[in-house]
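The structure file final-v4.cif is reproduced below (mmCIF, C-alpha atoms).
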data_model
loop_
_atom_site.label_atom_id
_atom_site.label_comp_id
_atom_site.auth_asym_id
_atom_site.auth_seq_id
_atom_site.Cartn_x
_atom_site.Cartn_y
_atom_site.Cartn_z
CA MET V 967 228.53 178.34 -112.01
CA LYS V 968 226.29 177.27 -114.91
CA ILE V 969 224.02 174.53 -113.57
CA ALA V 970 221.44 172.54 -115.53
CA ILE V 971 218.58 171.05 -113.53
CA LEU V 972 216.82 168.34 -115.51
CA GLY V 973 213.38 167.78 -114.07
CA ALA V 974 212.95 171.01 -112.15
CA THR V 975 209.18 170.73 -112.32
CA GLY V 976 209.30 168.48 -109.21
CA ASP V 977 209.66 170.12 -105.80
CA MET V 978 213.27 169.05 -105.18
CA GLY V 979 214.63 170.26 -108.53
CA TYR V 980 212.51 173.40 -108.47
CA GLY V 981 213.57 174.23 -104.91
CA LEU V 982 217.23 173.73 -105.78
CA ALA V 983 216.81 176.02 -108.80
CA LEU V 984 215.40 178.77 -106.57
CA ARG V 985 218.05 178.43 -103.87
CA LEU V 986 221.02 178.19 -106.23
CA ALA V 987 219.82 181.08 -108.43
CA GLN V 988 219.53 183.29 -105.35
CA LYS V 989 223.22 182.59 -104.68
CA GLY V 990 224.15 183.88 -108.13
CA HIS V 991 224.46 180.64 -110.10
CA ASP V 992 223.10 180.57 -113.64
CA ILE V 993 220.34 177.97 -113.67
CA ILE V 994 219.10 176.25 -116.80
CA ILE V 995 215.92 174.26 -116.23
CA GLY V 996 215.64 171.33 -118.61
CA SER V 997 212.47 169.50 -119.61
CA ARG V 998 211.43 167.10 -122.35
CA GLN V 999 209.27 169.93 -123.71
CA GLU V 1000 210.99 173.27 -124.14
CA GLU V 1001 207.79 175.17 -123.43
CA LYS V 1002 207.29 173.44 -120.08
CA ALA V 1003 210.84 174.38 -119.10
CA GLU V 1004 210.31 177.99 -120.09
CA ILE V 1005 207.12 178.21 -118.03
CA ALA V 1006 208.88 176.70 -114.99
CA ALA V 1007 211.80 179.10 -115.44
CA GLU V 1008 209.51 182.11 -115.60
CA LYS V 1009 207.70 181.00 -112.43
CA ALA V 1010 211.04 180.42 -110.68
CA ARG V 1011 212.45 183.81 -111.72
CA GLU V 1012 209.41 185.49 -110.25
CA GLU V 1013 209.37 183.45 -107.06
CA ALA V 1014 213.09 183.86 -106.35
CA ASN V 1015 213.10 187.44 -107.64
CA VAL V 1016 216.05 186.77 -109.93
CA SER V 1017 216.80 186.92 -113.67
CA ASN V 1018 219.38 184.10 -113.89
CA ILE V 1019 217.03 181.16 -114.51
CA SER V 1020 216.26 180.03 -118.05
CA GLY V 1021 214.44 177.05 -119.52
CA THR V 1022 215.10 174.82 -122.52
CA THR V 1023 215.16 171.17 -123.59
CA ASN V 1024 217.03 168.64 -121.47
CA ALA V 1025 219.71 168.19 -124.13
CA ALA V 1026 220.33 171.92 -124.63
CA ALA V 1027 220.35 172.52 -120.86
CA ALA V 1028 222.89 169.73 -120.29
CA LYS V 1029 225.10 170.85 -123.17
CA GLY V 1030 225.44 174.39 -121.85
CA ALA V 1031 226.12 173.49 -118.20
CA GLU V 1032 229.21 172.96 -116.04
CA LEU V 1033 227.21 170.70 -113.67
CA VAL V 1034 224.07 168.75 -114.51
CA VAL V 1035 221.56 167.91 -111.77
CA ILE V 1036 219.30 164.91 -112.43
CA SER V 1037 215.96 165.31 -110.67
CA VAL V 1038 213.51 163.55 -112.96
CA PRO V 1039 210.91 161.09 -111.64
CA THR V 1040 212.36 157.59 -111.28
CA ALA V 1041 210.08 156.27 -114.03
CA GLY V 1042 211.97 158.43 -116.52
CA HIS V 1043 215.43 158.08 -114.98
CA ARG V 1044 216.99 155.38 -117.14
CA ALA V 1045 215.54 156.76 -120.37
CA LEU V 1046 216.86 160.27 -119.71
CA LEU V 1047 220.36 159.01 -118.93
CA GLU V 1048 220.44 156.84 -122.04
CA GLU V 1049 219.17 159.69 -124.23
CA LEU V 1050 221.79 162.16 -122.95
CA LYS V 1051 224.60 159.68 -122.39
CA ALA V 1052 227.04 161.28 -124.83
CA ILE V 1053 226.66 164.72 -123.22
CA LEU V 1054 226.53 163.62 -119.58
CA ALA V 1055 229.50 161.25 -119.78
CA GLU V 1056 231.71 164.34 -120.17
CA LYS V 1057 230.38 166.43 -117.26
CA PRO V 1058 230.04 166.43 -113.49
CA VAL V 1059 226.58 164.98 -112.78
CA LEU V 1060 224.65 165.26 -109.52
CA ASP V 1061 221.86 162.72 -109.15
CA ILE V 1062 219.29 163.69 -106.50
CA THR V 1063 216.63 161.14 -107.48
CA ILE V 1064 215.24 158.41 -105.23
CA PRO V 1065 213.56 155.20 -106.40
CA PHE V 1066 210.40 154.90 -104.31
CA ALA V 1067 207.77 152.21 -104.35
CA PHE V 1068 204.43 152.43 -102.61
CA LYS V 1069 201.99 150.22 -100.67
CA PRO V 1070 204.00 149.96 -98.56
CA LEU V 1071 206.17 153.03 -99.06
CA ARG V 1072 209.72 151.74 -99.45
CA TYR V 1073 213.05 152.06 -101.21
CA ALA V 1074 212.96 150.17 -104.51
CA PRO V 1075 216.32 150.51 -106.27
CA PRO V 1076 217.08 149.33 -109.81
CA SER V 1077 219.23 146.23 -110.32
CA GLU V 1078 222.43 148.31 -110.12
CA GLY V 1079 221.67 148.94 -106.42
CA SER V 1080 220.66 152.60 -106.51
CA ASN V 1081 219.60 155.30 -108.95
CA ALA V 1082 223.08 156.85 -108.76
CA LEU V 1083 224.71 153.50 -109.57
CA GLU V 1084 222.32 153.14 -112.52
CA THR V 1085 223.46 156.56 -113.71
CA LYS V 1086 227.11 155.53 -113.36
CA ALA V 1087 226.49 152.25 -115.18
CA ILE V 1088 224.87 154.06 -118.10
CA LEU V 1089 227.40 156.89 -118.33
CA GLY V 1090 230.40 154.58 -118.02
CA GLU V 1091 233.49 154.16 -115.89
CA GLY V 1092 235.08 157.51 -116.59
CA SER V 1093 231.95 159.49 -115.77
CA ARG V 1094 231.81 161.86 -112.80
CA VAL V 1095 228.64 161.04 -110.87
CA ALA V 1096 227.78 162.28 -107.38
CA ALA V 1097 224.54 161.95 -105.42
CA GLY V 1098 223.18 164.03 -102.58
CA PHE V 1099 220.41 166.26 -101.17
CA HIS V 1100 218.19 163.21 -100.55
CA THR V 1101 217.32 164.01 -96.95
CA ILE V 1102 216.65 167.70 -97.52
CA SER V 1103 212.94 168.29 -97.25
CA ALA V 1104 211.41 169.63 -100.46
CA SER V 1105 208.98 171.68 -98.39
CA LEU V 1106 211.90 173.48 -96.70
CA LEU V 1107 213.79 173.83 -99.96
CA THR V 1108 210.93 175.62 -101.70
CA ASP V 1109 210.05 177.79 -98.71
CA LEU V 1110 212.15 180.84 -99.51
CA ALA V 1111 210.76 182.76 -96.53
CA HIS V 1112 213.02 180.64 -94.31
CA PRO V 1113 216.78 180.16 -94.55
CA LEU V 1114 217.73 176.60 -95.38
CA SER V 1115 219.54 174.41 -92.87
CA GLY V 1116 220.23 170.71 -92.37
CA ASP V 1117 222.81 168.09 -93.20
CA THR V 1118 223.27 166.37 -96.51
CA LEU V 1119 225.45 163.37 -97.27
CA ILE V 1120 227.24 163.53 -100.62
CA VAL V 1121 228.59 160.37 -102.25
CA GLY V 1122 230.59 159.94 -105.43
CA ASP V 1123 233.60 158.39 -107.07
CA ASP V 1124 235.24 161.62 -108.23
CA ALA V 1125 236.77 163.86 -105.56
CA ASP V 1126 236.44 167.09 -107.56
CA THR V 1127 232.74 166.48 -108.23
CA ILE V 1128 232.10 165.73 -104.55
CA ASN V 1129 233.91 168.91 -103.54
CA THR V 1130 231.93 170.97 -106.05
CA VAL V 1131 228.64 169.58 -104.73
CA VAL V 1132 229.68 170.02 -101.08
CA GLU V 1133 230.49 173.68 -101.78
CA LEU V 1134 227.20 174.22 -103.62
CA ALA V 1135 225.26 172.67 -100.74
CA GLU V 1136 227.07 174.79 -98.18
CA SER V 1137 226.51 177.93 -100.28
CA ILE V 1138 222.74 177.55 -99.79
CA GLY V 1139 223.01 176.98 -96.03
CA LEU V 1140 223.37 173.22 -95.67
CA SER V 1141 226.08 171.29 -93.89
CA ALA V 1142 227.42 168.83 -96.43
CA TYR V 1143 229.61 165.80 -95.80
CA ASN V 1144 231.60 163.50 -98.04
CA ALA V 1145 229.94 160.18 -97.21
CA GLY V 1146 232.17 158.08 -99.45
CA SER V 1147 232.02 156.39 -102.80
CA LEU V 1148 228.93 155.58 -104.89
CA VAL V 1149 228.73 152.16 -103.17
CA PHE V 1150 227.02 154.13 -100.38
CA SER V 1151 224.50 155.82 -102.68
CA GLY V 1152 221.86 153.23 -101.76
CA VAL V 1153 222.31 154.17 -98.11
CA VAL V 1154 221.66 157.86 -98.64
CA GLU V 1155 218.88 157.39 -101.21
CA SER V 1156 217.06 154.94 -98.96
CA LEU V 1157 216.95 157.29 -95.98
CA THR V 1158 214.24 159.38 -97.63
CA PRO V 1159 211.37 156.86 -97.83
CA MET V 1160 212.13 155.95 -94.21
CA LEU V 1161 212.04 159.60 -93.12
CA ILE V 1162 208.78 160.16 -95.04
CA GLY V 1163 207.24 157.25 -93.15
CA MET V 1164 208.54 158.73 -89.89
CA ASN V 1165 207.11 162.15 -90.79
CA LYS V 1166 203.60 160.73 -90.58
CA ARG V 1167 204.31 158.84 -87.36
CA TYR V 1168 205.87 161.82 -85.59
CA GLY V 1169 203.65 164.56 -87.02
CA SER V 1170 206.31 166.41 -89.02
CA ASN V 1171 206.79 167.11 -92.71
CA HIS V 1172 210.51 167.74 -92.73
CA LEU V 1173 212.38 165.16 -90.67
CA GLY V 1174 216.02 165.00 -91.62
CA ILE V 1175 219.23 163.68 -90.21
CA THR V 1176 222.32 165.24 -88.73
CA VAL V 1177 225.71 163.57 -88.43
CA THR V 1178 227.04 163.69 -84.87
CA GLY V 1179 230.30 162.77 -83.17
CA PHE V 1180 232.84 164.95 -85.01
CA MET W 612 213.58 142.01 -67.91
CA LYS W 613 215.41 138.78 -68.74
CA ILE W 614 217.46 139.42 -71.87
CA ALA W 615 219.58 136.90 -73.78
CA ILE W 616 222.42 138.32 -75.84
CA LEU W 617 223.64 135.76 -78.36
CA GLY W 618 227.14 136.71 -79.48
CA ALA W 619 228.12 139.04 -76.65
CA THR W 620 231.79 138.39 -77.29
CA GLY W 621 231.73 141.12 -79.98
CA ASP W 622 231.90 144.76 -78.87
CA MET W 623 228.27 145.63 -79.65
CA GLY W 624 226.73 142.69 -77.79
CA TYR W 625 229.20 142.95 -74.94
CA GLY W 626 228.60 146.69 -74.56
CA LEU W 627 224.83 146.18 -74.56
CA ALA W 628 225.22 143.50 -71.87
CA LEU W 629 227.15 145.95 -69.67
CA ARG W 630 224.76 148.85 -70.16
CA LEU W 631 221.56 146.82 -69.72
CA ALA W 632 222.87 144.96 -66.66
CA GLN W 633 223.70 148.26 -65.00
CA LYS W 634 220.06 149.25 -65.44
CA GLY W 635 218.95 146.15 -63.53
CA HIS W 636 218.06 143.78 -66.38
CA ASP W 637 219.07 140.13 -66.01
CA ILE W 638 221.47 139.40 -68.85
CA ILE W 639 222.21 135.93 -70.16
CA ILE W 640 225.16 135.86 -72.52
CA GLY W 641 224.87 133.05 -75.06
CA SER W 642 227.67 131.44 -77.03
CA ARG W 643 228.16 128.27 -79.07
CA GLN W 644 230.51 127.12 -76.29
CA GLU W 645 229.15 127.37 -72.76
CA GLU W 646 232.61 127.97 -71.33
CA LYS W 647 233.24 130.97 -73.61
CA ALA W 648 229.91 132.48 -72.48
CA GLU W 649 230.79 131.96 -68.82
CA ILE W 650 234.16 133.66 -69.26
CA ALA W 651 232.53 136.63 -71.06
CA ALA W 652 229.88 136.86 -68.32
CA GLU W 653 232.50 136.88 -65.56
CA LYS W 654 234.46 139.62 -67.32
CA ALA W 655 231.27 141.64 -67.85
CA ARG W 656 230.16 141.28 -64.20
CA GLU W 657 233.51 142.62 -63.08
CA GLU W 658 233.62 145.45 -65.61
CA ALA W 659 230.06 146.64 -64.94
CA ASN W 660 230.33 145.91 -61.22
CA VAL W 661 227.11 143.89 -61.22
CA SER W 662 226.04 140.32 -60.40
CA ASN W 663 223.13 139.98 -62.87
CA ILE W 664 225.04 138.67 -65.92
CA SER W 665 225.32 134.94 -66.53
CA GLY W 666 226.63 132.85 -69.42
CA THR W 667 225.42 129.64 -71.07
CA THR W 668 224.83 128.07 -74.49
CA ASN W 669 222.90 130.01 -77.13
CA ALA W 670 219.94 127.63 -76.87
CA ALA W 671 219.71 127.76 -73.07
CA ALA W 672 220.13 131.54 -73.07
CA ALA W 673 217.34 131.99 -75.64
CA LYS W 674 215.00 129.57 -73.84
CA GLY W 675 215.23 131.45 -70.57
CA ALA W 676 214.80 134.97 -71.94
CA GLU W 677 211.90 137.37 -72.51
CA LEU W 678 213.84 139.13 -75.29
CA VAL W 679 216.63 137.65 -77.40
CA VAL W 680 219.28 139.93 -78.90
CA ILE W 681 221.10 138.59 -81.98
CA SER W 682 224.61 140.00 -82.21
CA VAL W 683 226.61 137.20 -83.80
CA PRO W 684 229.02 137.85 -86.70
CA THR W 685 227.22 137.86 -90.05
CA ALA W 686 229.04 134.69 -91.15
CA GLY W 687 227.17 132.78 -88.43
CA HIS W 688 223.87 134.65 -88.67
CA ARG W 689 221.80 132.32 -90.84
CA ALA W 690 223.10 129.17 -89.12
CA LEU W 691 222.25 130.49 -85.65
CA LEU W 692 218.73 131.47 -86.64
CA GLU W 693 218.10 128.12 -88.30
CA GLU W 694 219.45 126.25 -85.28
CA LEU W 695 217.29 128.16 -82.78
CA LYS W 696 214.27 128.68 -85.03
CA ALA W 697 211.81 126.78 -82.81
CA ILE W 698 212.73 128.82 -79.73
CA LEU W 699 213.10 132.23 -81.41
CA ALA W 700 209.86 132.02 -83.39
CA GLU W 701 208.00 132.35 -80.08
CA LYS W 702 209.84 135.34 -78.61
CA PRO W 703 210.57 138.99 -79.25
CA VAL W 704 213.88 139.09 -81.12
CA LEU W 705 216.13 142.11 -81.56
CA ASP W 706 218.63 141.81 -84.40
CA ILE W 707 221.55 144.24 -84.11
CA THR W 708 223.78 142.60 -86.73
CA ILE W 709 225.07 144.26 -89.89
CA PRO W 710 226.24 142.46 -93.04
CA PHE W 711 229.55 144.09 -93.97
CA ALA W 712 231.82 143.36 -96.88
CA PHE W 713 235.32 144.70 -97.26
CA LYS W 714 237.67 146.02 -99.97
CA PRO W 715 235.87 148.27 -100.37
CA LEU W 716 234.02 148.48 -97.06
CA ARG W 717 230.32 148.32 -97.90
CA TYR W 718 226.88 147.03 -96.98
CA ALA W 719 226.42 143.50 -98.33
CA PRO W 720 222.97 142.21 -97.38
CA PRO W 721 221.74 138.67 -97.92
CA SER W 722 219.20 137.96 -100.65
CA GLU W 723 216.31 138.81 -98.32
CA GLY W 724 217.49 142.46 -98.38
CA SER W 725 218.91 142.80 -94.85
CA ASN W 726 220.01 140.66 -91.94
CA ALA W 727 216.79 141.47 -90.10
CA LEU W 728 214.72 140.38 -93.10
CA GLU W 729 216.72 137.15 -93.23
CA THR W 730 215.88 136.61 -89.57
CA LYS W 731 212.20 137.23 -90.27
CA ALA W 732 212.25 134.90 -93.27
CA ILE W 733 213.77 132.09 -91.21
CA LEU W 734 211.57 132.58 -88.13
CA GLY W 735 208.39 132.89 -90.16
CA GLU W 736 205.48 135.27 -90.60
CA GLY W 737 204.23 135.25 -87.02
CA SER W 738 207.65 135.98 -85.52
CA ARG W 739 208.34 139.22 -83.68
CA VAL W 740 211.57 140.64 -85.10
CA ALA W 741 212.91 144.15 -84.52
CA ALA W 742 216.27 145.66 -85.48
CA GLY W 743 218.14 148.58 -83.99
CA PHE W 744 221.25 150.00 -82.31
CA HIS W 745 223.16 149.90 -85.63
CA THR W 746 224.47 153.45 -85.51
CA ILE W 747 225.51 153.35 -81.85
CA SER W 748 229.29 153.29 -81.67
CA ALA W 749 230.63 150.14 -80.01
CA SER W 750 233.46 152.20 -78.57
CA LEU W 751 230.97 154.45 -76.77
CA LEU W 752 228.79 151.52 -75.73
CA THR W 753 231.66 149.75 -73.98
CA ASP W 754 233.11 152.90 -72.40
CA LEU W 755 231.30 152.82 -69.07
CA ALA W 756 233.20 155.86 -67.80
CA HIS W 757 230.93 157.98 -70.01
CA PRO W 758 227.14 158.12 -70.05
CA LEU W 759 225.68 156.90 -73.33
CA SER W 760 223.89 159.25 -75.69
CA GLY W 761 222.83 159.27 -79.34
CA ASP W 762 219.90 158.37 -81.52
CA THR W 763 218.93 154.92 -82.66
CA LEU W 764 216.34 153.98 -85.26
CA ILE W 765 214.26 150.93 -84.40
CA VAL W 766 212.40 149.02 -87.11
CA GLY W 767 210.06 146.06 -86.85
CA ASP W 768 206.73 144.58 -87.81
CA ASP W 769 205.38 144.09 -84.28
CA ALA W 770 204.40 147.21 -82.35
CA ASP W 771 204.90 145.67 -78.90
CA THR W 772 208.41 144.51 -79.76
CA ILE W 773 209.31 147.94 -81.15
CA ASN W 774 207.99 149.60 -78.00
CA THR W 775 209.95 147.21 -75.77
CA VAL W 776 213.16 147.93 -77.67
CA VAL W 777 212.55 151.69 -77.72
CA GLU W 778 212.10 151.62 -73.92
CA LEU W 779 215.25 149.53 -73.43
CA ALA W 780 217.28 151.91 -75.60
CA GLU W 781 215.97 154.93 -73.74
CA SER W 782 216.68 153.27 -70.38
CA ILE W 783 220.41 153.27 -71.21
CA GLY W 784 220.45 156.91 -72.33
CA LEU W 785 219.70 156.76 -76.04
CA SER W 786 216.95 158.54 -77.95
CA ALA W 787 215.11 155.83 -79.83
CA TYR W 788 212.65 156.26 -82.69
CA ASN W 789 210.20 153.96 -84.40
CA ALA W 790 211.54 154.10 -87.96
CA GLY W 791 208.88 151.85 -89.44
CA SER W 792 208.49 148.29 -90.60
CA LEU W 793 211.24 145.78 -91.38
CA VAL W 794 211.21 146.93 -95.03
CA PHE W 795 213.40 149.76 -93.70
CA SER W 796 215.87 147.46 -91.93
CA GLY W 797 218.28 147.69 -94.87
CA VAL W 798 218.31 151.46 -94.48
CA VAL W 799 219.32 151.41 -90.83
CA GLU W 800 221.75 148.48 -91.16
CA SER W 801 223.50 150.13 -94.12
CA LEU W 802 224.17 153.38 -92.29
CA THR W 803 226.93 151.76 -90.24
CA PRO W 804 229.46 150.86 -92.96
CA MET W 805 228.96 154.37 -94.36
CA LEU W 806 229.57 155.98 -90.96
CA ILE W 807 232.66 153.79 -90.42
CA GLY W 808 234.05 155.04 -93.72
CA MET W 809 233.25 158.61 -92.67
CA ASN W 810 234.99 158.06 -89.29
CA LYS W 811 238.31 157.67 -91.08
CA ARG W 812 237.71 160.63 -93.38
CA TYR W 813 236.68 162.99 -90.57
CA GLY W 814 239.05 161.73 -87.86
CA SER W 815 236.43 160.34 -85.48
CA ASN W 816 235.67 156.88 -84.15
CA HIS W 817 232.07 157.38 -83.17
CA LEU W 818 230.13 159.24 -85.84
CA GLY W 819 226.41 158.70 -85.46
CA ILE W 820 223.22 160.27 -86.68
CA THR W 821 220.49 162.30 -85.08
CA VAL W 822 216.99 162.74 -86.44
CA THR W 823 216.04 166.41 -86.75
CA GLY W 824 212.87 168.32 -87.60
CA PHE W 825 210.42 167.14 -84.94
#

Produce structure tokens that represent the structure in this file.
Amino acid sequence: MKIAILGATGDMGYGLALRLAQKGHDIIIGSRQEEKAEIAAEKAREEANVSNISGTTNAAAAKGAELVVISVPTAGHRALLEELKAILAEKPVLDITIPFAFKPLRYAPPSEGSNALETKAILGEGSRVAAGFHTISASLLTDLAHPLSGDTLIVGDDADTINTVVELAESIGLSAYNAGSLVFSGVVESLTPMLIGMNKRYGSNHLGITVTGF
Amino acid sequence: MKIAILGATGDMGYGLALRLAQKGHDIIIGSRQEEKAEIAAEKAREEANVSNISGTTNAAAAKGAELVVISVPTAGHRALLEELKAILAEKPVLDITIPFAFKPLRYAPPSEGSNALETKAILGEGSRVAAGFHTISASLLTDLAHPLSGDTLIVGDDADTINTVVELAESIGLSAYNAGSLVFSGVVESLTPMLIGMNKRYGSNHLGITVTGF
């Protein structure tokens, strides 16, 4: 699958690029500056020992992809979606971003209720937006010496997009669950600031959650 | 410990009454109508095979307790807190309520951001409010034939109250974690509508979550 990752200079996007490339997917790292994307892609190819990672502008990356992953910092979230609206409205989009605020660390969603709902609002009713991977520790994701494991909750309004993302997540070692429509995106996004706070309290750097009771 | 449970006619409050009474705590079930509380208490004494459950009005129950559990339906949440404000502002309070909305099923918090934050706003800055037990299945809680297990995330702004609640939860078989301040109460409250939606999808009636990575 051809997957664009917009914002793969952060740990989450970069880690996903490494893991997905190792499973044979063609990864296109997107950045506002083409050169930055090319540098990140070269680093990722070396680190994952693969050739199937390239880098280009956000727009070119999105245009060429079958699935577009949004992993930009929250400060640039709305602007990126508005800039690429015409391209992204036509494609399956996976939003893995989380709106944090600090002092105290907390979940601080936009007026739509979550970053994923903001994405949906910008891209329009017919768009295919899913969200997931929020509770997967970036430090585990980027640590290629260890196989990935853990649960991730995937939400979205389009069944095919959810299924695609669930399969992708499971292909890199995660257990992925359909957690319902985008009205639950605030639930899954907000788990991460809570888990980060718990990390400090319990002396871990990769607390996650598992769904029990099946 | 003397524990008032206001709204123990619902499954969550009723199940907590049973489980805590069996561990030797004195339970006072509170209701708007004294007679309704007495009937619930009699049923609970019989079901749990204990004598340490009594029933009275919400105000009398709260007055006599060392910890007050709020488990009323969301529609009566604000009114109850306002009515008992003078009593509850002086005591450790555990809010286990969740603001649901339906069609579609979703988390629908009050303007304060969560039911627990509404409680805190009404009771005032010096109040000792914690929230927890949201992801514990009511059907497991009330099923005394089976020992209770599962994880619960406890949030609150007062360390002593959190510790008290963590100990109570662990005394009835749960693993309880300090998940941080009340700014995270919306996170833990909102998990429940999502898990209820997942129950249907995955053919369960008691999906819960476990924290991993310690």

Residue list for chain W near chain V as a ChimeraX atom specification, 12 Å, all atoms listed in the file: /W:712-720,724,746-748,750-751,760-766,788-825

Would you write out those residues with C-alpha atoms, as a PDB file, in the frame of the given file?
ATOM      1  CA  ALA W 712     231.820 143.360 -96.880  1.00  0.00           C
ATOM      2  CA  PHE W 713     235.320 144.700 -97.260  1.00  0.00           C
ATOM      3  CA  LYS W 714     237.670 146.020 -99.970  1.00  0.00           C
ATOM      4  CA  PRO W 715     235.870 148.270-100.370  1.00  0.00           C
ATOM      5  CA  LEU W 716     234.020 148.480 -97.060  1.00  0.00           C
ATOM      6  CA  ARG W 717     230.320 148.320 -97.900  1.00  0.00           C
ATOM      7  CA  TYR W 718     226.880 147.030 -96.980  1.00  0.00           C
ATOM      8  CA  ALA W 719     226.420 143.500 -98.330  1.00  0.00           C
ATOM      9  CA  PRO W 720     222.970 142.210 -97.380  1.00  0.00           C
ATOM     10  CA  GLY W 724     217.490 142.460 -98.380  1.00  0.00           C
ATOM     11  CA  THR W 746     224.470 153.450 -85.510  1.00  0.00           C
ATOM     12  CA  ILE W 747     225.510 153.350 -81.850  1.00  0.00           C
ATOM     13  CA  SER W 748     229.290 153.290 -81.670  1.00  0.00           C
ATOM     14  CA  SER W 750     233.460 152.200 -78.570  1.00  0.00           C
ATOM     15  CA  LEU W 751     230.970 154.450 -76.770  1.00  0.00           C
ATOM     16  CA  SER W 760     223.890 159.250 -75.690  1.00  0.00           C
ATOM     17  CA  GLY W 761     222.830 159.270 -79.340  1.00  0.00           C
ATOM     18  CA  ASP W 762     219.900 158.370 -81.520  1.00  0.00           C
ATOM     19  CA  THR W 763     218.930 154.920 -82.660  1.00  0.00           C
ATOM     20  CA  LEU W 764     216.340 153.980 -85.260  1.00  0.00           C
ATOM     21  CA  ILE W 765     214.260 150.930 -84.400  1.00  0.00           C
ATOM     22  CA  VAL W 766     212.400 149.020 -87.110  1.00  0.00           C
ATOM     23  CA  TYR W 788     212.650 156.260 -82.690  1.00  0.00           C
ATOM     24  CA  ASN W 789     210.200 153.960 -84.400  1.00  0.00           C
ATOM     25  CA  ALA W 790     211.540 154.100 -87.960  1.00  0.00           C
ATOM     26  CA  GLY W 791     208.880 151.850 -89.440  1.00  0.00           C
ATOM     27  CA  SER W 792     208.490 148.290 -90.600  1.00  0.00           C
ATOM     28  CA  LEU W 793     211.240 145.780 -91.380  1.00  0.00           C
ATOM     29  CA  VAL W 794     211.210 146.930 -95.030  1.00  0.00           C
ATOM     30  CA  PHE W 795     213.400 149.760 -93.700  1.00  0.00           C
ATOM     31  CA  SER W 796     215.870 147.460 -91.930  1.00  0.00           C
ATOM     32  CA  GLY W 797     218.280 147.690 -94.870  1.00  0.00           C
ATOM     33  CA  VAL W 798     218.310 151.460 -94.480  1.00  0.00           C
ATOM     34  CA  VAL W 799     219.320 151.410 -90.830  1.00  0.00           C
ATOM     35  CA  GLU W 800     221.750 148.480 -91.160  1.00  0.00           C
ATOM     36  CA  SER W 801     223.500 150.130 -94.120  1.00  0.00           C
ATOM     37  CA  LEU W 802     224.170 153.380 -92.290  1.00  0.00           C
ATOM     38  CA  THR W 803     226.930 151.760 -90.240  1.00  0.00           C
ATOM     39  CA  PRO W 804     229.460 150.860 -92.960  1.00  0.00           C
ATOM     40  CA  MET W 805     228.960 154.370 -94.360  1.00  0.00           C
ATOM     41  CA  LEU W 806     229.570 155.980 -90.960  1.00  0.00           C
ATOM     42  CA  ILE W 807     232.660 153.790 -90.420  1.00  0.00           C
ATOM     43  CA  GLY W 808     234.050 155.040 -93.720  1.00  0.00           C
ATOM     44  CA  MET W 809     233.250 158.610 -92.670  1.00  0.00           C
ATOM     45  CA  ASN W 810     234.990 158.060 -89.290  1.00  0.00           C
ATOM     46  CA  LYS W 811     238.310 157.670 -91.080  1.00  0.00           C
ATOM     47  CA  ARG W 812     237.710 160.630 -93.380  1.00  0.00           C
ATOM     48  CA  TYR W 813     236.680 162.990 -90.570  1.00  0.00           C
ATOM     49  CA  GLY W 814     239.050 161.730 -87.860  1.00  0.00           C
ATOM     50  CA  SER W 815     236.430 160.340 -85.480  1.00  0.00           C
ATOM     51  CA  ASN W 816     235.670 156.880 -84.150  1.00  0.00           C
ATOM     52  CA  HIS W 817     232.070 157.380 -83.170  1.00  0.00           C
ATOM     53  CA  LEU W 818     230.130 159.240 -85.840  1.00  0.00           C
ATOM     54  CA  GLY W 819     226.410 158.700 -85.460  1.00  0.00           C
ATOM     55  CA  ILE W 820     223.220 160.270 -86.680  1.00  0.00           C
ATOM     56  CA  THR W 821     220.490 162.300 -85.080  1.00  0.00           C
ATOM     57  CA  VAL W 822     216.990 162.740 -86.440  1.00  0.00           C
ATOM     58  CA  THR W 823     216.040 166.410 -86.750  1.00  0.00           C
ATOM     59  CA  GLY W 824     212.870 168.320 -87.600  1.00  0.00           C
ATOM     60  CA  PHE W 825     210.420 167.140 -84.940  1.00  0.00           C
TER      61      PHE W 825
END

Selection: 7 Å around stretch 672-679 of chain W, all atoms listed in the file, excl. self and same-chain fewer than 4 positions, as a VMD selection string: chain W and resid 612 to 616 639 to 641 667 to 668 698 702 to 705

Please save C-alpha atoms of the selected residues as an mmCIF file, in the frame of the given file.
data_model
loop_
_atom_site.group_PDB
_atom_site.id
_atom_site.type_symbol
_atom_site.label_atom_id
_atom_site.label_comp_id
_atom_site.auth_asym_id
_atom_site.auth_seq_id
_atom_site.Cartn_x
_atom_site.Cartn_y
_atom_site.Cartn_z
ATOM 1 C CA MET W 612 213.580 142.010 -67.910
ATOM 2 C CA LYS W 613 215.410 138.780 -68.740
ATOM 3 C CA ILE W 614 217.460 139.420 -71.870
ATOM 4 C CA ALA W 615 219.580 136.900 -73.780
ATOM 5 C CA ILE W 616 222.420 138.320 -75.840
ATOM 6 C CA ILE W 639 222.210 135.930 -70.160
ATOM 7 C CA ILE W 640 225.160 135.860 -72.520
ATOM 8 C CA GLY W 641 224.870 133.050 -75.060
ATOM 9 C CA THR W 667 225.420 129.640 -71.070
ATOM 10 C CA THR W 668 224.830 128.070 -74.490
ATOM 11 C CA ILE W 698 212.730 128.820 -79.730
ATOM 12 C CA LYS W 702 209.840 135.340 -78.610
ATOM 13 C CA PRO W 703 210.570 138.990 -79.250
ATOM 14 C CA VAL W 704 213.880 139.090 -81.120
ATOM 15 C CA LEU W 705 216.130 142.110 -81.560
#

Just want the 12 Å neighbourhood of V:Gly1139, counted on only C-alpha atoms, with same-chain residues fewer than 3 positions away dropped. Output as a VMD selection string. chain V and resid 982 985 to 986 988 to 989 1102 1106 to 1107 1112 to 1118 1132 to 1136 1142
